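Chemist: I'm passing along input32.cif; it holds mmCIF, C-alpha atoms.
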```cif
data_structure
loop_
_atom_site.group_PDB
_atom_site.id
_atom_site.type_symbol
_atom_site.label_atom_id
_atom_site.label_comp_id
_atom_site.auth_asym_id
_atom_site.auth_seq_id
_atom_site.Cartn_x
_atom_site.Cartn_y
_atom_site.Cartn_z
ATOM 1 C CA MET V 1 0.000 0.000 0.000
ATOM 2 C CA ALA V 2 1.197 3.457 -0.822
ATOM 3 C CA ARG V 3 1.209 4.960 2.643
ATOM 4 C CA VAL V 4 2.796 8.343 3.300
ATOM 5 C CA TYR V 5 5.819 6.883 5.121
ATOM 6 C CA GLY V 6 6.352 4.365 2.296
ATOM 7 C CA ILE V 7 6.130 7.064 -0.363
ATOM 8 C CA LYS V 8 8.629 9.183 1.567
ATOM 9 C CA LYS V 9 10.993 6.212 1.835
ATOM 10 C CA ARG V 10 10.732 5.486 -1.921
ATOM 11 C CA LEU V 11 11.370 9.127 -2.794
ATOM 12 C CA GLU V 12 14.481 9.073 -0.589
ATOM 13 C CA GLN V 13 15.653 5.818 -2.207
ATOM 14 C CA ASN V 14 15.245 7.464 -5.613
ATOM 15 C CA ASN V 15 17.477 10.357 -4.498
ATOM 16 C CA ILE V 16 14.782 13.021 -4.656
ATOM 17 C CA ASP V 17 15.926 16.288 -3.071
ATOM 18 C CA LYS V 18 14.993 16.444 0.638
ATOM 19 C CA LYS V 19 13.307 19.853 0.226
ATOM 20 C CA LEU V 20 11.166 18.494 -2.600
ATOM 21 C CA ILE V 21 10.246 15.453 -0.516
ATOM 22 C CA LYS V 22 9.194 17.736 2.335
ATOM 23 C CA LYS V 23 7.075 19.780 -0.077
ATOM 24 C CA ILE V 24 5.442 16.630 -1.508
ATOM 25 C CA ILE V 25 4.704 15.100 1.905
ATOM 26 C CA GLY V 26 3.381 18.416 3.274
ATOM 27 C CA ASN V 27 0.569 17.847 5.768
ATOM 28 C CA GLU V 28 0.641 14.055 5.134
ATOM 29 C CA ASP V 29 -2.888 14.033 3.680
ATOM 30 C CA LEU V 30 -2.563 11.208 1.149
ATOM 31 C CA VAL V 31 -4.845 12.739 -1.514
ATOM 32 C CA GLU V 32 -2.821 15.939 -1.355
ATOM 33 C CA VAL V 33 0.495 14.014 -1.369
ATOM 34 C CA ILE V 34 -0.486 12.232 -4.595
ATOM 35 C CA THR V 35 -1.722 15.473 -6.147
ATOM 36 C CA ARG V 36 1.594 17.157 -5.337
ATOM 37 C CA MET V 37 3.527 14.161 -6.703
ATOM 38 C CA GLU V 38 1.653 14.499 -10.000
ATOM 39 C CA THR V 39 2.622 18.165 -10.171
ATOM 40 C CA LEU V 40 6.205 17.984 -8.924
ATOM 41 C CA LEU V 41 7.532 14.672 -10.287
ATOM 42 C CA ASP V 42 7.914 13.401 -13.827
ATOM 43 C CA ALA V 43 5.762 10.432 -14.867
ATOM 44 C CA ASP V 44 8.610 7.897 -14.627
ATOM 45 C CA MET V 45 9.509 8.888 -11.070
ATOM 46 C CA MET V 46 5.838 8.870 -10.087
ATOM 47 C CA TYR V 47 5.485 5.359 -11.519
ATOM 48 C CA GLU V 48 8.689 4.111 -9.884
ATOM 49 C CA SER V 49 7.759 5.517 -6.481
ATOM 50 C CA LEU V 50 4.176 4.231 -6.330
ATOM 51 C CA ASP V 51 4.731 0.904 -8.108
ATOM 52 C CA SER V 52 7.468 0.058 -5.607
ATOM 53 C CA CYS V 53 5.048 0.667 -2.699
ATOM 54 C CA ALA V 54 2.870 -2.241 -3.778
ATOM 55 C CA CYS V 55 1.827 -4.678 -1.103
ATOM 56 C CA LEU V 56 2.284 -8.155 -2.469
ATOM 57 C CA GLY V 57 -0.245 -10.170 -0.491
ATOM 58 C CA GLY V 58 2.355 -11.788 1.747
ATOM 59 C CA LYS V 59 4.864 -14.590 1.219
ATOM 60 C CA GLU V 60 2.233 -17.323 1.189
ATOM 61 C CA TYR V 61 0.278 -15.651 -1.599
ATOM 62 C CA LEU V 62 3.452 -15.139 -3.634
ATOM 63 C CA LYS V 63 4.264 -18.846 -3.195
ATOM 64 C CA LYS V 64 0.761 -19.673 -4.413
ATOM 65 C CA CYS V 65 1.297 -17.474 -7.495
ATOM 66 C CA GLU V 66 4.638 -19.185 -8.191
ATOM 67 C CA LYS V 67 3.013 -22.613 -7.835
ATOM 68 C CA ILE V 68 0.261 -21.670 -10.296
ATOM 69 C CA GLY V 69 2.927 -20.404 -12.696
ATOM 70 C CA LYS V 70 4.805 -23.707 -12.511
ATOM 71 C CA GLU V 71 1.585 -25.661 -13.098
ATOM 72 C CA LEU V 72 0.946 -23.578 -16.226
ATOM 73 C CA THR V 73 4.451 -24.038 -17.667
ATOM 74 C CA GLY V 74 4.286 -25.129 -21.311
ATOM 75 C CA LYS V 75 0.830 -23.692 -21.931
ATOM 76 C CA SER V 76 0.259 -20.824 -24.345
ATOM 77 C CA LEU V 77 -0.476 -17.358 -22.974
ATOM 78 C CA ASN V 78 -4.112 -17.679 -24.065
ATOM 79 C CA GLU V 79 -4.416 -21.030 -22.274
ATOM 80 C CA LYS V 80 -2.900 -19.542 -19.124
ATOM 81 C CA ILE V 81 -5.309 -16.589 -19.214
ATOM 82 C CA LEU V 82 -8.289 -18.910 -19.719
ATOM 83 C CA HIS V 83 -7.158 -21.072 -16.787
ATOM 84 C CA LEU V 84 -6.702 -18.098 -14.461
ATOM 85 C CA ASN V 85 -10.068 -16.586 -15.383
ATOM 86 C CA SER V 86 -11.998 -19.849 -15.068
ATOM 87 C CA LYS V 87 -10.241 -21.663 -12.208
ATOM 88 C CA ILE V 88 -8.234 -19.211 -10.087
ATOM 89 C CA PHE V 89 -9.657 -15.700 -10.051
ATOM 90 C CA ALA V 90 -12.793 -14.919 -8.056
ATOM 91 C CA SER V 91 -12.879 -11.119 -8.250
ATOM 92 C CA GLU V 92 -10.363 -10.517 -11.051
ATOM 93 C CA SER V 93 -10.279 -11.084 -14.790
ATOM 94 C CA ILE V 94 -7.655 -10.549 -17.452
ATOM 95 C CA ALA V 95 -7.841 -10.379 -21.242
ATOM 96 C CA LEU V 96 -5.429 -9.861 -24.112
ATOM 97 C CA ASN V 97 -6.237 -6.713 -26.061
ATOM 98 C CA ASN V 98 -5.912 -6.426 -29.839
ATOM 99 C CA ASP V 99 -2.903 -4.113 -29.414
ATOM 100 C CA GLY V 100 -0.986 -6.806 -27.494
ATOM 101 C CA THR V 101 -1.549 -5.305 -24.043
ATOM 102 C CA LEU V 102 -3.197 -7.078 -21.141
ATOM 103 C CA ASN V 103 -6.366 -5.682 -19.559
ATOM 104 C CA ALA V 104 -7.039 -6.467 -15.900
ATOM 105 C CA VAL V 105 -10.239 -5.782 -13.973
ATOM 106 C CA MET V 106 -10.664 -6.253 -10.236
ATOM 107 C CA VAL V 107 -14.263 -6.244 -9.056
ATOM 108 C CA TYR V 108 -14.993 -5.908 -5.374
ATOM 109 C CA LYS V 109 -18.552 -4.926 -4.474
ATOM 110 C CA ASN V 110 -20.130 -3.239 -1.497
ATOM 111 C CA ASN V 111 -23.869 -3.507 -2.108
ATOM 112 C CA ASP V 112 -24.439 -1.849 -5.487
ATOM 113 C CA LYS V 113 -21.104 0.034 -5.564
ATOM 114 C CA TYR V 114 -17.581 -1.021 -6.419
ATOM 115 C CA SER V 115 -15.272 -0.974 -3.436
ATOM 116 C CA CYS V 116 -11.562 -0.643 -2.784
ATOM 117 C CA VAL V 117 -9.549 -3.027 -0.623
ATOM 118 C CA CYS V 118 -6.797 -0.527 0.252
ATOM 119 C CA SER V 119 -6.510 0.071 3.990
ATOM 120 C CA ALA V 120 -4.042 2.978 3.826
ATOM 121 C CA THR V 121 -5.074 6.127 5.682
ATOM 122 C CA VAL V 122 -5.779 9.347 3.784
ATOM 123 C CA CYS V 123 -6.018 11.483 6.896
ATOM 124 C CA LYS V 124 -7.448 11.113 10.401
ATOM 125 C CA ASP V 125 -10.506 8.826 10.374
ATOM 126 C CA VAL V 126 -10.500 8.403 6.548
ATOM 127 C CA LYS V 127 -9.125 5.337 4.789
ATOM 128 C CA VAL V 128 -8.450 5.157 1.056
ATOM 129 C CA SER V 129 -11.271 2.613 0.762
ATOM 130 C CA ASP V 130 -13.693 5.208 2.214
ATOM 131 C CA LEU V 131 -13.228 7.312 -0.931
ATOM 132 C CA ALA V 132 -15.249 4.746 -2.892
ATOM 133 C CA LEU V 133 -18.276 5.437 -0.726
ATOM 134 C CA SER V 134 -20.727 8.082 -1.817
ATOM 135 C CA LYS V 135 -21.027 9.420 1.731
ATOM 136 C CA SER V 136 -18.076 9.298 4.042
ATOM 137 C CA ASN V 137 -15.986 11.670 6.096
ATOM 138 C CA SER V 138 -13.768 12.111 3.022
ATOM 139 C CA ASP V 139 -15.115 15.580 2.232
ATOM 140 C CA ASP V 140 -16.203 14.290 -1.192
ATOM 141 C CA ARG V 141 -12.645 14.131 -2.470
ATOM 142 C CA ASP V 142 -11.442 11.728 -5.109
ATOM 143 C CA MET V 143 -8.028 10.129 -5.098
ATOM 144 C CA PRO V 144 -6.042 10.795 -8.286
ATOM 145 C CA LEU V 145 -5.931 7.676 -10.486
ATOM 146 C CA SER V 146 -2.136 7.600 -10.275
ATOM 147 C CA TYR V 147 -2.419 6.413 -6.656
ATOM 148 C CA CYS V 148 -3.621 3.088 -8.051
ATOM 149 C CA LEU V 149 -0.187 2.445 -9.589
ATOM 150 C CA CYS V 150 0.466 0.820 -6.228
ATOM 151 C CA CYS V 151 -2.358 -1.721 -6.501
ATOM 152 C CA ALA V 152 -1.638 -2.236 -10.192
ATOM 153 C CA GLY V 153 1.973 -2.967 -9.245
ATOM 154 C CA SER V 154 0.849 -5.615 -6.808
ATOM 155 C CA PHE V 155 -1.455 -7.339 -9.309
ATOM 156 C CA ARG V 156 1.227 -6.998 -12.010
ATOM 157 C CA ARG V 157 3.722 -8.892 -9.862
ATOM 158 C CA HIS V 158 1.192 -11.662 -9.210
ATOM 159 C CA LEU V 159 0.437 -11.941 -12.938
ATOM 160 C CA GLN V 160 4.142 -12.075 -13.786
ATOM 161 C CA LEU V 161 4.564 -15.080 -11.499
ATOM 162 C CA MET V 162 1.471 -16.870 -12.789
ATOM 163 C CA LEU V 163 1.922 -16.106 -16.501
ATOM 164 C CA ASP V 164 5.750 -16.230 -16.548
ATOM 165 C CA VAL V 165 5.990 -12.891 -18.387
ATOM 166 C CA LYS V 166 7.406 -9.436 -17.649
ATOM 167 C CA LEU V 167 4.831 -6.639 -17.451
ATOM 168 C CA LYS V 168 4.730 -2.899 -16.867
ATOM 169 C CA THR V 169 1.645 -0.913 -15.909
ATOM 170 C CA LYS V 170 0.718 1.170 -18.941
ATOM 171 C CA LYS V 171 -2.440 2.864 -17.709
ATOM 172 C CA ILE V 172 -4.936 3.040 -14.877
ATOM 173 C CA ILE V 173 -8.347 3.098 -16.581
ATOM 174 C CA SER V 174 -10.616 3.410 -13.569
ATOM 175 C CA SER V 175 -10.913 2.957 -9.838
ATOM 176 C CA PRO V 176 -13.660 3.012 -7.218
ATOM 177 C CA ILE V 177 -11.697 5.623 -5.236
ATOM 178 C CA ASN V 178 -11.723 7.993 -8.198
ATOM 179 C CA SER V 179 -15.335 7.387 -9.216
ATOM 180 C CA ARG V 180 -17.216 7.219 -5.894
ATOM 181 C CA GLY V 181 -17.681 3.488 -6.403
ATOM 182 C CA GLU V 182 -19.175 3.779 -9.895
ATOM 183 C CA LYS V 183 -16.284 2.005 -11.661
ATOM 184 C CA PRO V 184 -14.114 -1.024 -10.816
ATOM 185 C CA CYS V 185 -10.322 -1.170 -10.663
ATOM 186 C CA GLU V 186 -9.158 -1.499 -14.264
ATOM 187 C CA PHE V 187 -5.555 -1.512 -15.442
ATOM 188 C CA VAL V 188 -3.710 -2.009 -18.722
ATOM 189 C CA PHE V 189 -0.337 -3.762 -18.683
ATOM 190 C CA GLU V 190 2.189 -3.927 -21.475
ATOM 191 C CA PHE V 191 4.627 -6.757 -22.007
ATOM 192 C CA ASN V 192 8.280 -5.889 -21.296
#
```
Translate the structure of the given file into structure tokens.
Modeler:
Amino acid sequence: MARVYGIKKRLEQNNIDKKLIKKIIGNEDLVEVITRMETLLDADMMYESLDSCACLGGKEYLKKCEKIGKELTGKSLNEKILHLNSKIFASESIALNNDGTLNAVMVYKNNDKYSCVCSATVCKDVKVSDLALSKSNSDDRDMPLSYCLCCAGSFRRHLQLMLDVKLKTKKIISSPINSRGEKPCEFVFEFN
């Protein structure tokens, strides 16, 4: 999860000037941190910083992904995708696009709205997942889509292990935390 302390750590690891880091972190309100990152960092640094914050689901889940990948060795990419969609994924789906990219959709529902599973804190008493709710103490703010590079990075790493391919997040299409729960998490990955 892209939490403020994790973002700060990644910016330091990427040798961002300490004054700029202080300006980005500001009041530690996560929506404002991401907004400032979009303004003050180039797209590559933004990607690098947030993608590297990805939670990976823990060691056991990574082992499960590796095991699935080994079981799918020798199968074509289309066969692997079909297997994952029909036998493994419950709330996710992936599809090859005509342009050779991979589309991924993660659907988590809370009644009739899409929900977010991120537990990071935006500010006091507001979690990132609260931003998907139509009424919350989030002051009706939306998280910039770039925040979801973190979650996309996590799913990307899982897919790499299961599909035995190298991927890079190309685009965040939609997110519940940017649409008040009207749209699911949707990412596009390109093969590296």
Chemist: May I have the centre and edge lengths, in Å to one decimal, of an axis-aligned box around the listed atoms of stretch 86-90 of chain V with 8 Å added to every side, as AutoDock Vina command-line options?
Modeler:
```
--center_x -10.5 --center_y -18.3 --center_z -11.6 --size_x 20.6 --size_y 22.7 --size_z 23.0
```
Chemist: Evaluate the PyMOL selection byres ((chain V and resi 20-31) around 7) on the structure here and hand back the selected residues as a PyMOL selection string.
Modeler: chain V and resi 4+8+11+16-19+32-37+122-123+143
Chemist: Which residue is closest to V:Ser175? Choose from V:Asp125, V:Leu163, V:Ile7, V:Cys118 and count only C-alpha atoms.
Modeler: V:Cys118
Chemist: Taking the file as shown, what set of residues would the PyMOL selection byres ((chain V and resi 92) around 8) give back, as a PyMOL selection string?
Modeler: chain V and resi 85+89-91+93-94+104-107
Chemist: Hey, can you check how far atom CA of V:Glu60 sits from atom CA of V:Ser174?
Modeler: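 Going from atom CA of V:Glu60 over to atom CA of V:Ser174, I get 28.5 Å.
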Chemist: So the first atom is atom CA of V:Leu161 and the second is atom CA of V:Ile68; what is the distance between them in Å, to one decimal place?
Modeler: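 Going from atom CA of V:Leu161 over to atom CA of V:Ile68, I get 8.0 Å.
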Chemist: Take the PyMOL selection byres ((chain V and resi 131) around 12), apply it to the structure above, and return the hits as an mmCIF file with C-alpha atoms, in the frame of the given file.
Modeler:
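Generated file (out.cif):
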```
data_model
loop_
_atom_site.group_PDB
_atom_site.id
_atom_site.type_symbol
_atom_site.label_atom_id
_atom_site.label_comp_id
_atom_site.auth_asym_id
_atom_site.auth_seq_id
_atom_site.Cartn_x
_atom_site.Cartn_y
_atom_site.Cartn_z
ATOM 1 C CA LEU V 30 -2.563 11.208 1.149
ATOM 2 C CA VAL V 31 -4.845 12.739 -1.514
ATOM 3 C CA LYS V 113 -21.104 0.034 -5.564
ATOM 4 C CA TYR V 114 -17.581 -1.021 -6.419
ATOM 5 C CA SER V 115 -15.272 -0.974 -3.436
ATOM 6 C CA CYS V 116 -11.562 -0.643 -2.784
ATOM 7 C CA VAL V 117 -9.549 -3.027 -0.623
ATOM 8 C CA CYS V 118 -6.797 -0.527 0.252
ATOM 9 C CA SER V 119 -6.510 0.071 3.990
ATOM 10 C CA ALA V 120 -4.042 2.978 3.826
ATOM 11 C CA THR V 121 -5.074 6.127 5.682
ATOM 12 C CA VAL V 122 -5.779 9.347 3.784
ATOM 13 C CA CYS V 123 -6.018 11.483 6.896
ATOM 14 C CA ASP V 125 -10.506 8.826 10.374
ATOM 15 C CA VAL V 126 -10.500 8.403 6.548
ATOM 16 C CA LYS V 127 -9.125 5.337 4.789
ATOM 17 C CA VAL V 128 -8.450 5.157 1.056
ATOM 18 C CA SER V 129 -11.271 2.613 0.762
ATOM 19 C CA ASP V 130 -13.693 5.208 2.214
ATOM 20 C CA ALA V 132 -15.249 4.746 -2.892
ATOM 21 C CA LEU V 133 -18.276 5.437 -0.726
ATOM 22 C CA SER V 134 -20.727 8.082 -1.817
ATOM 23 C CA LYS V 135 -21.027 9.420 1.731
ATOM 24 C CA SER V 136 -18.076 9.298 4.042
ATOM 25 C CA ASN V 137 -15.986 11.670 6.096
ATOM 26 C CA SER V 138 -13.768 12.111 3.022
ATOM 27 C CA ASP V 139 -15.115 15.580 2.232
ATOM 28 C CA ASP V 140 -16.203 14.290 -1.192
ATOM 29 C CA ARG V 141 -12.645 14.131 -2.470
ATOM 30 C CA ASP V 142 -11.442 11.728 -5.109
ATOM 31 C CA MET V 143 -8.028 10.129 -5.098
ATOM 32 C CA PRO V 144 -6.042 10.795 -8.286
ATOM 33 C CA SER V 175 -10.913 2.957 -9.838
ATOM 34 C CA PRO V 176 -13.660 3.012 -7.218
ATOM 35 C CA ILE V 177 -11.697 5.623 -5.236
ATOM 36 C CA ASN V 178 -11.723 7.993 -8.198
ATOM 37 C CA SER V 179 -15.335 7.387 -9.216
ATOM 38 C CA ARG V 180 -17.216 7.219 -5.894
ATOM 39 C CA GLY V 181 -17.681 3.488 -6.403
ATOM 40 C CA GLU V 182 -19.175 3.779 -9.895
#
```
Chemist: Neighbouring residues of V:Phe187 were defined as those with any atom within 12 Å, considering all atoms listed in the file; residues of the same chain fewer than 6 positions away were excluded. Please report them as a PyMOL selection string.
Modeler: chain V and resi 92-95+97+101-107+145-146+148-156+167-175
Chemist: Next, dump the selected residues to file, keeping only C-alpha atoms, as a PDB file, in the frame of the given file.
Modeler:
```pdb
ATOM      1  CA  GLU V  92     -10.363 -10.517 -11.051  1.00  0.00           C
ATOM      2  CA  SER V  93     -10.279 -11.084 -14.790  1.00  0.00           C
ATOM      3  CA  ILE V  94      -7.655 -10.549 -17.452  1.00  0.00           C
ATOM      4  CA  ALA V  95      -7.841 -10.379 -21.242  1.00  0.00           C
ATOM      5  CA  ASN V  97      -6.237  -6.713 -26.061  1.00  0.00           C
ATOM      6  CA  THR V 101      -1.549  -5.305 -24.043  1.00  0.00           C
ATOM      7  CA  LEU V 102      -3.197  -7.078 -21.141  1.00  0.00           C
ATOM      8  CA  ASN V 103      -6.366  -5.682 -19.559  1.00  0.00           C
ATOM      9  CA  ALA V 104      -7.039  -6.467 -15.900  1.00  0.00           C
ATOM     10  CA  VAL V 105     -10.239  -5.782 -13.973  1.00  0.00           C
ATOM     11  CA  MET V 106     -10.664  -6.253 -10.236  1.00  0.00           C
ATOM     12  CA  VAL V 107     -14.263  -6.244  -9.056  1.00  0.00           C
ATOM     13  CA  LEU V 145      -5.931   7.676 -10.486  1.00  0.00           C
ATOM     14  CA  SER V 146      -2.136   7.600 -10.275  1.00  0.00           C
ATOM     15  CA  CYS V 148      -3.621   3.088  -8.051  1.00  0.00           C
ATOM     16  CA  LEU V 149      -0.187   2.445  -9.589  1.00  0.00           C
ATOM     17  CA  CYS V 150       0.466   0.820  -6.228  1.00  0.00           C
ATOM     18  CA  CYS V 151      -2.358  -1.721  -6.501  1.00  0.00           C
ATOM     19  CA  ALA V 152      -1.638  -2.236 -10.192  1.00  0.00           C
ATOM     20  CA  GLY V 153       1.973  -2.967  -9.245  1.00  0.00           C
ATOM     21  CA  SER V 154       0.849  -5.615  -6.808  1.00  0.00           C
ATOM     22  CA  PHE V 155      -1.455  -7.339  -9.309  1.00  0.00           C
ATOM     23  CA  ARG V 156       1.227  -6.998 -12.010  1.00  0.00           C
ATOM     24  CA  LEU V 167       4.831  -6.639 -17.451  1.00  0.00           C
ATOM     25  CA  LYS V 168       4.730  -2.899 -16.867  1.00  0.00           C
ATOM     26  CA  THR V 169       1.645  -0.913 -15.909  1.00  0.00           C
ATOM     27  CA  LYS V 170       0.718   1.170 -18.941  1.00  0.00           C
ATOM     28  CA  LYS V 171      -2.440   2.864 -17.709  1.00  0.00           C
ATOM     29  CA  ILE V 172      -4.936   3.040 -14.877  1.00  0.00           C
ATOM     30  CA  ILE V 173      -8.347   3.098 -16.581  1.00  0.00           C
ATOM     31  CA  SER V 174     -10.616   3.410 -13.569  1.00  0.00           C
ATOM     32  CA  SER V 175     -10.913   2.957  -9.838  1.00  0.00           C
TER      33      SER V 175
END
```
Chemist: From the options V:Tyr108, V:Phe189, V:Tyr47, V:Tyr61, which residue's atoms come nearest to V:Arg10, counting all atoms listed in the file?
Modeler: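 Using all atoms listed in the file, V:Arg10 sits closest to V:Tyr47.
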Chemist: Which distance in Å separates atom CA of V:Asn192 and atom CA of V:Lys166, to one decimal?
Modeler: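 Pair atom CA of V:Asn192 / atom CA of V:Lys166 returns 5.2 Å.
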Chemist: Of the candidates V:Gly74, V:Asp99, V:Leu82, V:Glu12, which shows the shortest atom-to-atom distance to V:Glu190, using all atoms listed in the file?
Modeler: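 For V:Glu190, the nearest of the candidates is V:Asp99.
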Chemist: Could you list, as a ChimeraX atom specification, every residue within 12 Å of V:Lys64, counting all atoms listed in the file and ignoring same-chain residues fewer than 4 positions away?
Modeler: /V:56-60,68-71,88,158-159,161-162
Chemist: If you keep C-alpha atoms, can you produce a file of those selected residues as an mmCIF file, in the coordinates of the input?
Modeler:
```cif
data_model
loop_
_atom_site.group_PDB
_atom_site.id
_atom_site.type_symbol
_atom_site.label_atom_id
_atom_site.label_comp_id
_atom_site.auth_asym_id
_atom_site.auth_seq_id
_atom_site.Cartn_x
_atom_site.Cartn_y
_atom_site.Cartn_z
ATOM 1 C CA LEU V 56 2.284 -8.155 -2.469
ATOM 2 C CA GLY V 57 -0.245 -10.170 -0.491
ATOM 3 C CA GLY V 58 2.355 -11.788 1.747
ATOM 4 C CA LYS V 59 4.864 -14.590 1.219
ATOM 5 C CA GLU V 60 2.233 -17.323 1.189
ATOM 6 C CA ILE V 68 0.261 -21.670 -10.296
ATOM 7 C CA GLY V 69 2.927 -20.404 -12.696
ATOM 8 C CA LYS V 70 4.805 -23.707 -12.511
ATOM 9 C CA GLU V 71 1.585 -25.661 -13.098
ATOM 10 C CA ILE V 88 -8.234 -19.211 -10.087
ATOM 11 C CA HIS V 158 1.192 -11.662 -9.210
ATOM 12 C CA LEU V 159 0.437 -11.941 -12.938
ATOM 13 C CA LEU V 161 4.564 -15.080 -11.499
ATOM 14 C CA MET V 162 1.471 -16.870 -12.789
#
```
Chemist: Nearest residue to V:Arg3 out of V:Tyr147, V:Leu96, V:Asp164, V:Lys67, using only C-alpha atoms?
Modeler: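 Ranking V:Tyr147, V:Leu96, V:Asp164, V:Lys67 by distance to V:Arg3, first place goes to V:Tyr147.
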Chemist: So, with only C-alpha atoms as the atoms that count, which of V:Lys63, V:His83, V:Lys183, V:Lys9 lies closest to V:Lys109?
Modeler: V:Lys183
Chemist: Using only C-alpha atoms for the distances, tell me which of V:Pro184, V:Leu40, V:Arg157, V:Lys80 is nearest to V:Leu62.
Modeler: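 Residue with the minimum atom-to-atom distance to V:Leu62: V:Arg157.
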